[in-house]
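Structure data (mmCIF, C-alpha atoms) from data.cif:
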```cif
data_start
loop_
_atom_site.label_atom_id
_atom_site.label_comp_id
_atom_site.auth_asym_id
_atom_site.auth_seq_id
_atom_site.Cartn_x
_atom_site.Cartn_y
_atom_site.Cartn_z
CA MET A 1 -100.01 67.96 -39.99
CA THR A 2 -97.01 66.26 -38.80
CA SER A 3 -95.40 67.18 -35.56
CA MET A 4 -91.88 68.33 -35.65
CA GLN A 5 -89.57 66.45 -33.35
CA PRO A 6 -85.87 67.14 -32.94
CA LYS A 7 -83.75 64.70 -34.80
CA HIS A 8 -81.26 64.32 -31.95
CA ILE A 9 -82.40 63.99 -28.41
CA VAL A 10 -79.65 63.92 -25.81
CA SER A 11 -80.52 62.02 -22.71
CA LEU A 12 -79.42 63.02 -19.24
CA SER A 13 -77.25 59.91 -18.90
CA SER A 14 -75.47 60.77 -22.15
CA LEU A 15 -74.67 64.24 -20.79
CA ARG A 16 -73.21 62.74 -17.61
CA HIS A 17 -71.13 60.32 -19.64
CA LEU A 18 -69.87 63.15 -21.87
CA ARG A 19 -68.99 65.23 -18.81
CA ARG A 20 -66.97 62.32 -17.37
CA VAL A 21 -65.11 61.85 -20.65
CA VAL A 22 -64.26 65.56 -20.82
CA LEU A 23 -63.09 65.53 -17.19
CA ALA A 24 -60.93 62.44 -17.78
CA CYS A 25 -59.38 64.02 -20.88
CA SER A 26 -58.66 67.21 -18.93
CA LEU A 27 -56.97 65.24 -16.16
CA LEU A 28 -54.88 63.30 -18.67
CA ALA A 29 -53.84 66.50 -20.39
CA ALA A 30 -52.86 68.08 -17.06
CA CYS A 31 -50.80 65.02 -16.07
CA ALA A 32 -49.09 64.92 -19.45
CA GLY A 33 -48.26 68.61 -19.13
CA ALA A 34 -46.79 68.10 -15.66
CA LEU A 35 -44.70 65.15 -16.87
CA ALA A 36 -43.49 67.10 -19.88
CA GLN A 37 -42.60 70.04 -17.66
CA GLY A 38 -40.60 67.80 -15.30
CA PHE A 39 -38.86 66.19 -18.25
CA ASP A 40 -37.96 69.59 -19.71
CA GLU A 41 -36.69 70.82 -16.32
CA GLU A 42 -34.08 68.04 -16.28
CA PHE A 43 -32.67 69.36 -19.53
CA ASP A 44 -32.81 72.94 -18.30
CA ASP A 45 -30.42 72.01 -15.47
CA GLU A 46 -27.66 71.37 -17.96
CA GLU A 47 -28.08 74.84 -19.42
CA LYS A 48 -27.39 76.53 -16.10
CA PRO A 49 -23.89 77.97 -15.94
CA TRP A 50 -21.41 76.22 -13.65
CA GLN A 51 -20.73 78.08 -10.44
CA GLU A 52 -17.82 77.48 -8.10
CA ILE A 53 -18.50 77.26 -4.37
CA ALA A 54 -16.73 79.47 -1.84
CA VAL A 55 -13.41 77.94 -0.83
CA GLN A 56 -12.07 77.64 2.71
CA LEU A 57 -8.33 77.13 3.09
CA PRO A 58 -7.37 73.96 4.95
CA PRO A 59 -5.03 73.76 7.93
CA THR A 60 -1.29 73.56 7.27
CA PRO A 61 -0.31 70.06 6.14
CA GLN A 62 1.29 67.84 8.77
CA GLU A 63 4.04 65.37 7.88
CA GLN A 64 2.09 62.34 9.18
CA ASN A 65 -0.81 63.14 6.79
CA LEU A 66 1.28 63.30 3.61
CA ALA A 67 1.03 60.51 1.01
CA GLU A 68 3.57 60.37 -1.79
CA PHE A 69 2.28 59.77 -5.31
CA TYR A 70 4.06 58.64 -8.46
CA LEU A 71 5.07 61.27 -11.03
CA SER A 72 7.33 59.57 -13.57
CA PRO A 73 10.45 57.36 -13.65
CA ASN A 74 12.65 60.45 -14.22
CA ALA A 75 11.03 62.83 -11.73
CA THR A 76 13.41 65.34 -10.15
CA MET A 77 11.18 65.90 -7.13
CA LYS A 78 8.82 64.02 -4.84
CA ALA A 79 5.16 64.97 -4.63
CA TYR A 80 2.74 64.41 -1.75
CA ILE A 81 -0.93 64.99 -1.04
CA ASP A 82 -2.15 66.07 2.37
CA LEU A 83 -4.77 63.36 2.89
CA ASN A 84 -6.73 65.53 5.34
CA SER A 85 -7.19 68.23 2.71
CA VAL A 86 -8.83 66.11 -0.04
CA SER A 87 -12.47 67.01 -0.59
CA VAL A 88 -15.09 66.86 -3.33
CA GLY A 89 -17.29 69.96 -3.48
CA THR A 90 -20.92 70.22 -4.56
CA ASP A 91 -19.53 72.09 -7.57
CA LYS A 92 -17.76 68.85 -8.66
CA VAL A 93 -14.27 70.15 -7.88
CA VAL A 94 -11.70 67.96 -6.14
CA ARG A 95 -9.71 70.18 -3.75
CA TYR A 96 -6.41 69.19 -2.14
CA THR A 97 -3.08 70.39 -0.78
CA VAL A 98 -0.03 69.23 -2.72
CA VAL A 99 3.49 69.38 -1.27
CA THR A 100 6.59 69.03 -3.46
CA ARG A 101 10.20 68.50 -2.38
CA THR A 102 13.09 68.88 -4.77
CA GLU A 103 16.36 66.93 -4.53
CA GLY A 104 17.97 70.16 -3.29
CA GLY A 105 15.51 70.41 -0.39
CA ALA A 106 13.16 73.14 -1.65
CA VAL A 107 9.57 72.65 -0.47
CA ASN A 108 6.45 74.05 -2.12
CA VAL A 109 2.93 73.86 -0.68
CA MET A 110 -0.12 74.64 -2.82
CA TYR A 111 -3.86 74.40 -2.23
CA GLU A 112 -5.50 73.53 -5.54
CA GLY A 113 -8.71 72.41 -7.19
CA MET A 114 -9.27 70.14 -10.18
CA ARG A 115 -12.30 69.92 -12.50
CA CYS A 116 -12.44 66.53 -14.18
CA GLU A 117 -15.28 67.61 -16.46
CA THR A 118 -13.20 70.32 -18.15
CA TRP A 119 -9.64 68.99 -17.61
CA GLU A 120 -8.70 72.11 -15.65
CA LYS A 121 -6.99 72.99 -12.39
CA LYS A 122 -6.71 76.07 -10.26
CA THR A 123 -4.22 77.12 -7.59
CA TYR A 124 -6.01 78.90 -4.75
CA ALA A 125 -3.11 79.59 -2.41
CA PHE A 126 0.53 78.94 -1.56
CA GLY A 127 1.64 77.74 1.86
CA HIS A 128 4.50 79.35 3.79
CA PRO A 129 6.87 77.81 6.36
CA ASP A 130 5.09 79.74 9.15
CA GLY A 131 1.85 77.90 8.34
CA LYS A 132 0.11 80.85 6.69
CA TRP A 133 -1.38 80.92 3.20
CA SER A 134 -1.04 83.59 0.54
CA ARG A 135 -3.55 83.90 -2.26
CA SER A 136 -2.41 82.85 -5.71
CA ARG A 137 -2.14 85.66 -8.23
CA ARG A 138 -3.02 83.18 -10.97
CA ASP A 139 -6.28 81.95 -9.47
CA LYS A 140 -7.93 81.28 -12.83
CA TRP A 141 -8.78 77.85 -14.19
CA GLN A 142 -5.95 76.55 -16.37
CA PRO A 143 -5.75 73.50 -18.66
CA ILE A 144 -4.04 70.52 -17.05
CA ARG A 145 -0.63 69.80 -18.48
CA ASP A 146 0.32 66.13 -18.53
CA ILE A 147 3.85 66.51 -19.83
CA GLY A 148 7.37 66.50 -18.46
CA VAL A 149 9.03 64.49 -15.75
CA ASN A 150 7.34 66.43 -12.94
CA ARG A 151 3.78 65.95 -14.18
CA ILE A 152 1.96 66.65 -10.92
CA ASP A 153 -1.34 67.76 -12.48
CA GLY A 154 -1.44 64.95 -15.02
CA ALA A 155 -0.58 62.33 -12.40
CA LEU A 156 -3.33 63.48 -10.06
CA PHE A 157 -5.87 63.84 -12.88
CA ARG A 158 -5.26 60.49 -14.59
CA ASP A 159 -4.04 58.34 -11.72
CA TYR A 160 -6.15 59.39 -8.74
CA PHE A 161 -8.91 61.97 -9.23
CA CYS A 162 -10.58 61.58 -12.61
CA GLU A 163 -11.97 58.84 -14.81
CA GLY A 164 -12.68 60.47 -18.15
CA LYS A 165 -14.68 63.59 -17.40
CA MET A 166 -16.01 62.30 -14.07
CA ILE A 167 -14.61 62.30 -10.56
CA ALA A 168 -13.28 58.86 -9.66
CA ASP A 169 -14.90 56.62 -7.03
CA ASN A 170 -18.36 58.14 -7.56
CA GLU A 171 -17.14 61.41 -6.04
CA ASN A 172 -16.31 59.66 -2.76
CA ALA A 173 -13.39 61.57 -1.20
CA LYS A 174 -12.73 58.80 1.37
CA ARG A 175 -12.16 56.26 -1.40
CA ILE A 176 -9.89 58.67 -3.28
CA VAL A 177 -7.89 59.19 -0.07
CA ALA A 178 -7.66 55.41 0.47
CA ARG A 179 -6.21 54.98 -3.03
CA LEU A 180 -3.72 57.80 -2.45
CA LYS A 181 -2.70 56.27 0.88
CA SER A 182 -2.12 52.86 -0.69
CA GLN A 183 -0.64 54.40 -3.87
CA THR A 184 -3.16 52.46 -5.96
CA ARG A 185 -3.55 54.26 -9.26
CA LEU A 186 -6.77 54.08 -11.30
CA ASP A 187 -4.86 52.40 -14.12
CA PRO A 188 -1.75 50.77 -12.63
CA VAL A 189 -0.44 49.71 -16.07
CA ARG A 190 -0.24 53.23 -17.51
CA ARG A 191 2.84 55.25 -16.61
#
```
Write-out of the structure in structure tokens:
Amino acid sequence: MTSMQPKHIVSLSSLRHLRRVVLACSLLAACAGALAQGFDEEFDDEEKPWQEIAVQLPPTPQEQNLAEFYLSPNATMKAYIDLNSVSVGTDKVVRYTVVTRTEGGAVNVMYEGMRCETWEKKTYAFGHPDGKWSRSRRDKWQPIRDIGVNRIDGALFRDYFCEGKMIADNENAKRIVARLKSQTRLDPVRR
């Protein structure tokens, strides 16, 4: 009679080694899953809808804080930015107060926002001579118009606030204000 012995005998050290391999594979799989999840989350951020932040109206513009900016060679008015009102919000909107003066002496004051990413602007409020603001009835985002001799929106968009679909100066409001103050356009050759 021959004794029957199992064909495969697993030693205790082989079991320990197998357990370590399984544990290492599990850890690798968990790490890969965490990395993949983090990678996917970055893409999910772009799918979130844009949301505008709450807007606070600035103080009334003061003459000493106004900086004139170039509109066109045939402009029939002068346009100014209140340097103290320029801000860049966490929602990627440049907000500012613009003051216009016609040759006849009419003055308009508007608090506005501009979205470089979508080439849009919005008027939040109109300023009055007594220093008060009234809410704009057309407070919806509108496409920027870069036509005509009094091209305020186009001048601000192309010359000072936006480079392509991004806010100029790495979203640094102080640098934007410095360029407005010195009347240094983003592209001084373009008119």
Who sits within 7 Å of region 164-179 of chain A, only C-alpha atoms, same chain under 3 positions skipped, as number ranges by chain:
A: 83, 86-88, 116-118, 160-161, 182-185
I need the output of the PyMOL selection byres ((chain A and resi 64) around 12) for this file as a ChimeraX atom specification; which residues are they?
/A:60-63,65-68,80-84,181
Surrounding residues of Val149 (chain A) excluding itself and chain neighbours under 3 positions, 6 Å, all atoms listed in the file, as an mmCIF file with C-alpha atoms, in the coordinates of the input:
```cif
data_model
loop_
_atom_site.group_PDB
_atom_site.id
_atom_site.type_symbol
_atom_site.label_atom_id
_atom_site.label_comp_id
_atom_site.auth_asym_id
_atom_site.auth_seq_id
_atom_site.Cartn_x
_atom_site.Cartn_y
_atom_site.Cartn_z
ATOM 1 C CA SER A 72 7.330 59.570 -13.570
ATOM 2 C CA ASN A 74 12.650 60.450 -14.220
ATOM 3 C CA ALA A 75 11.030 62.830 -11.730
#
```
What residues come out when you apply the PyMOL selection byres ((chain A and resi 90-93) around 7) to this file, written as a list in words?
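So the PyMOL selection byres ((chain A and resi 90-93) around 7), applied here, picks out Gln51, Glu52, Ile53, Val88, Gly89, Val94, Arg95, Gly113, Met114 and Arg115 of chain A.
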Write out as a list in words the residues lying within 12 Å of region 142-145 of chain A, counting only C-alpha atoms and excluding same-chain residues fewer than 4 positions away.
Glu112, Gly113, Met114, Arg115, Cys116, Glu117, Thr118, Trp119, Glu120, Lys121, Lys122, Thr123, Tyr124, Arg138, Val149, Asn150, Arg151, Ile152, Asp153, Gly154, Ala155, Leu156, Phe157, Arg158 and Cys162 of chain A
Interatomic distance (Å, one decimal) between CA of Glu103 (chain A) and CA of Ser134 (chain A):
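Separation between CA of Glu103 (chain A) and CA of Ser134 (chain A): 24.6 Å.
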